[in-house]
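In what follows, a single structure is set out as structure tokens and then discussed.
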Amino acid sequence: MEQSETPVTRSSSPLIQPCSSIRRVFPFKRTPHRRRIDDVQPTSNIDSTESQEPKHPESASEGVSLPGLINKTWCVFYLSPLYGFSLDPQALKQYGRSLTTYFAQDRNKEITGDGNKKSCTFSVYKNIKVGDADPEAVQILVTGKPPNGKKVGPVLLTAILCGVDIEVDPCVGFKEHFVYYPIMIIKARIILSSQLCSWLESHFDCRIAPLRPTSMDLAWMVGMWSGNVTGRKSKPVELLYTVPEYCSGMTKITYTIDADDCKVLWDSIHTAESAEFTEEEVGTFMKSLEEHFYECFKVKLWKMQLTRIGTPLAYVGDGRLKIFSAKEALQVLRFMSILAVEQFQTLSNI
């Protein structure tokens, strides 16, 4: 082991990059107006057929009803604006009929394994809308042929298009023609997910691609969500690093830390009175964790890529997302929306 490469001097760390200005992120909105977790409340409770009374702030703070969203593994995609998309109930019914016809034309019966008997429905998914600029979330359900004696067939695909607390709307000035959903989460087999994406791209002239957070993005999530795990001890924090190919004998390293220990470390770095997170704080946090691992096992995690994280709030990595609690679901979806908007802006500027 070379003594010149110690964990104290890690200028090559992929998680701590020198920059002229520190990237600053408020927990859930990167503007001078600071917002905290307990400020998050849905502004709309409307679906495609009926309206309800909005939830009181007291009940909203305890978590909202998000049926089918929690404790399921989703594939996450980011989207460009959808051209000609409408939330009108009649339009949603037409989209369902069109997608049903699209699936019926599929000739891969051996792959789909359901005889091509599918039924597709579009509906407004309530309680995800937070900011005024957010569109109403939309849920897409694809069901198979109902078994004997049943009215509803098995669910083959579930997808939700949403954007939580959008700060930058690329459709400003074009609202009559475009609707912007930063992210879409899908639970289905790969072939059905691919077919849905192809239909959306051809029908609404958009582009869809997997959303894969970088190592730095994952580090942000660990830092922010480790500071909000009070009273939640069932799930530890897990960091999965991918080992470089030239290191034979192993491909991945999983680093597990007690959630309470992570919170103590984060609280020692981040000032509780401040609603602002900085890149410097996140870098210090990850550096401390990695140096502790080095002292125990003499393995330099900063030489590897952080590719997956697990926290008491959510699991993120490999293009997948799993949210563990409805109470923190909006917080998780908001950060994923931020990453999707950034990705879209980056590609738009190329």
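Identifiers in the structure tokens: chain A, B, ... in order shown; residue index from 1 per chain; ligand index from 1 in order shown.
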Task: Who sits within 8 Å of Thr214 (chain A), only C-alpha atoms, same chain under 2 positions skipped, as an NGL selection string - done: :A and (212 or 216-218 or 306-307)
Open item on the list: For Ala104 (chain A), find every residue with an atom within 8 Å (counting only C-alpha atoms), except residues of its own chain fewer than 3 positions away, and show them as a VMD selection string.
Closed with: chain A and resid 100 to 101 116 to 118
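Counting only C-alpha atoms, region 234-251 of chain A has the following residues at most 9 Å away, ignoring those fewer than 2 positions along the same chain: Val222, Ser226, Arg232, Ile253, Thr254, Tyr255, Thr256, Ile257, Asp258, Ala259, Asp260, Cys262, Leu301, Lys303, Met304, Gln305, Leu306, Thr307, Arg308, Ile309, Gly310, Thr311, Pro312, Leu313, Tyr315 and Gly317 of chain A.
The gap separating CA of Ala133 (chain A) from CA of Asp165 (chain A) is 7.2 Å, in Å to one decimal.
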Once you count only C-alpha atoms, what closest atom pair and distance in Å to one decimal does each residue of region 116-169 of chain A within 12 Å of region 71-93 of chain A have, with rows by chain and rising residue number, as CSV?
```
residue,atom,partner,partner_atom,distance
A:Ser119,CA,A:Lys93,CA,11.4
A:Cys120,CA,A:Lys93,CA,9.0
A:Thr121,CA,A:Lys93,CA,6.8
A:Phe122,CA,A:Leu92,CA,5.3
A:Ser123,CA,A:Leu92,CA,6.7
A:Val124,CA,A:Leu87,CA,7.7
A:Tyr125,CA,A:Leu87,CA,11.1
A:Pro135,CA,A:Leu87,CA,9.2
A:Glu136,CA,A:Leu87,CA,8.0
A:Ala137,CA,A:Leu87,CA,9.5
A:Val138,CA,A:Leu87,CA,8.3
A:Gln139,CA,A:Leu92,CA,10.2
A:Ile140,CA,A:Leu92,CA,9.7
A:Leu141,CA,A:Leu92,CA,11.8
A:Leu157,CA,A:Trp74,CA,10.7
A:Thr158,CA,A:Trp74,CA,9.2
A:Ala159,CA,A:Trp74,CA,8.7
A:Ile160,CA,A:Trp74,CA,9.8
A:Leu161,CA,A:Leu79,CA,9.2
A:Cys162,CA,A:Tyr78,CA,10.0
A:Gly163,CA,A:Tyr78,CA,10.1
A:Asp169,CA,A:Pro81,CA,9.4
```
Export of prior selection with C-alpha atoms as a PDB file, in the first residue's frame:
```pdb
ATOM      1  CA  SER A 119     -57.077  -3.147 -21.672  1.00  0.00           C
ATOM      2  CA  CYS A 120     -55.493   0.281 -21.102  1.00  0.00           C
ATOM      3  CA  THR A 121     -56.817   3.158 -19.003  1.00  0.00           C
ATOM      4  CA  PHE A 122     -55.554   6.676 -18.275  1.00  0.00           C
ATOM      5  CA  SER A 123     -56.637   8.552 -15.144  1.00  0.00           C
ATOM      6  CA  VAL A 124     -55.534  11.434 -12.967  1.00  0.00           C
ATOM      7  CA  TYR A 125     -53.490  10.248  -9.978  1.00  0.00           C
ATOM      8  CA  PRO A 135     -49.392  19.238 -13.875  1.00  0.00           C
ATOM      9  CA  GLU A 136     -51.867  16.758 -12.450  1.00  0.00           C
ATOM     10  CA  ALA A 137     -50.144  13.374 -12.292  1.00  0.00           C
ATOM     11  CA  VAL A 138     -51.458  10.719 -14.667  1.00  0.00           C
ATOM     12  CA  GLN A 139     -51.636   6.982 -14.050  1.00  0.00           C
ATOM     13  CA  ILE A 140     -51.588   4.449 -16.891  1.00  0.00           C
ATOM     14  CA  LEU A 141     -52.845   0.940 -16.196  1.00  0.00           C
ATOM     15  CA  LEU A 157     -48.228  -2.492 -16.304  1.00  0.00           C
ATOM     16  CA  THR A 158     -48.552   0.511 -14.031  1.00  0.00           C
ATOM     17  CA  ALA A 159     -47.042   3.875 -14.951  1.00  0.00           C
ATOM     18  CA  ILE A 160     -47.264   7.300 -13.324  1.00  0.00           C
ATOM     19  CA  LEU A 161     -46.285  10.540 -15.060  1.00  0.00           C
ATOM     20  CA  CYS A 162     -45.608  13.341 -12.607  1.00  0.00           C
ATOM     21  CA  GLY A 163     -43.596  16.387 -11.647  1.00  0.00           C
ATOM     22  CA  ASP A 169     -40.936  24.776 -16.774  1.00  0.00           C
TER      23      ASP A 169
END
```
Task: helix (DSSP H, G or I) positions in region 112-251 of chain A, given as a PyMOL selection string - done: chain A and resi 112+190-204+215-226
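CA of Gly223 (chain A) lies 9.8 Å from CA of Thr284 (chain A).
Atom pair CA of Val179 (chain A) / CA of Leu330 (chain A): separated by 20.2 Å.
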Open item on the list: Ranking A:Lys175, A:Arg207, A:Glu167, A:Cys197 by minimum distance to Glu342 (chain A) and counting only C-alpha atoms, which one comes first?
Closed with: A:Glu167
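Distance annotation: of A:Ser215, A:Gln345, A:Ser193, A:Gln331, the residue with the minimal separation from Val142 (chain A) is A:Ser193; atom set is only C-alpha atoms.
The smallest atom-to-atom distance between Arg320 (chain A) and any of A:Ile190, A:Leu211, A:Leu156, A:Val172, using only C-alpha atoms, is found for A:Leu211.
For the set A:Ser268, A:Ser65, A:Thr278, A:Thr346, the residue with the smallest atom-to-atom gap to Asn127 (chain A) is A:Ser65, counting only C-alpha atoms.
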TODO: Go through A:Phe174, A:Phe277, A:Tyr180, A:Tyr95 and flag the residue nearest Trp225 (chain A), using only C-alpha atoms for the distances.
DONE: A:Phe277
Task: Expected answer as a PyMOL selection string: strand (DSSP E or B) residues in region 115-287 of chain A - done: chain A and resi 119-125+137-143+155-162+178-179+183-188+208-210+237-242+252-257+277-278
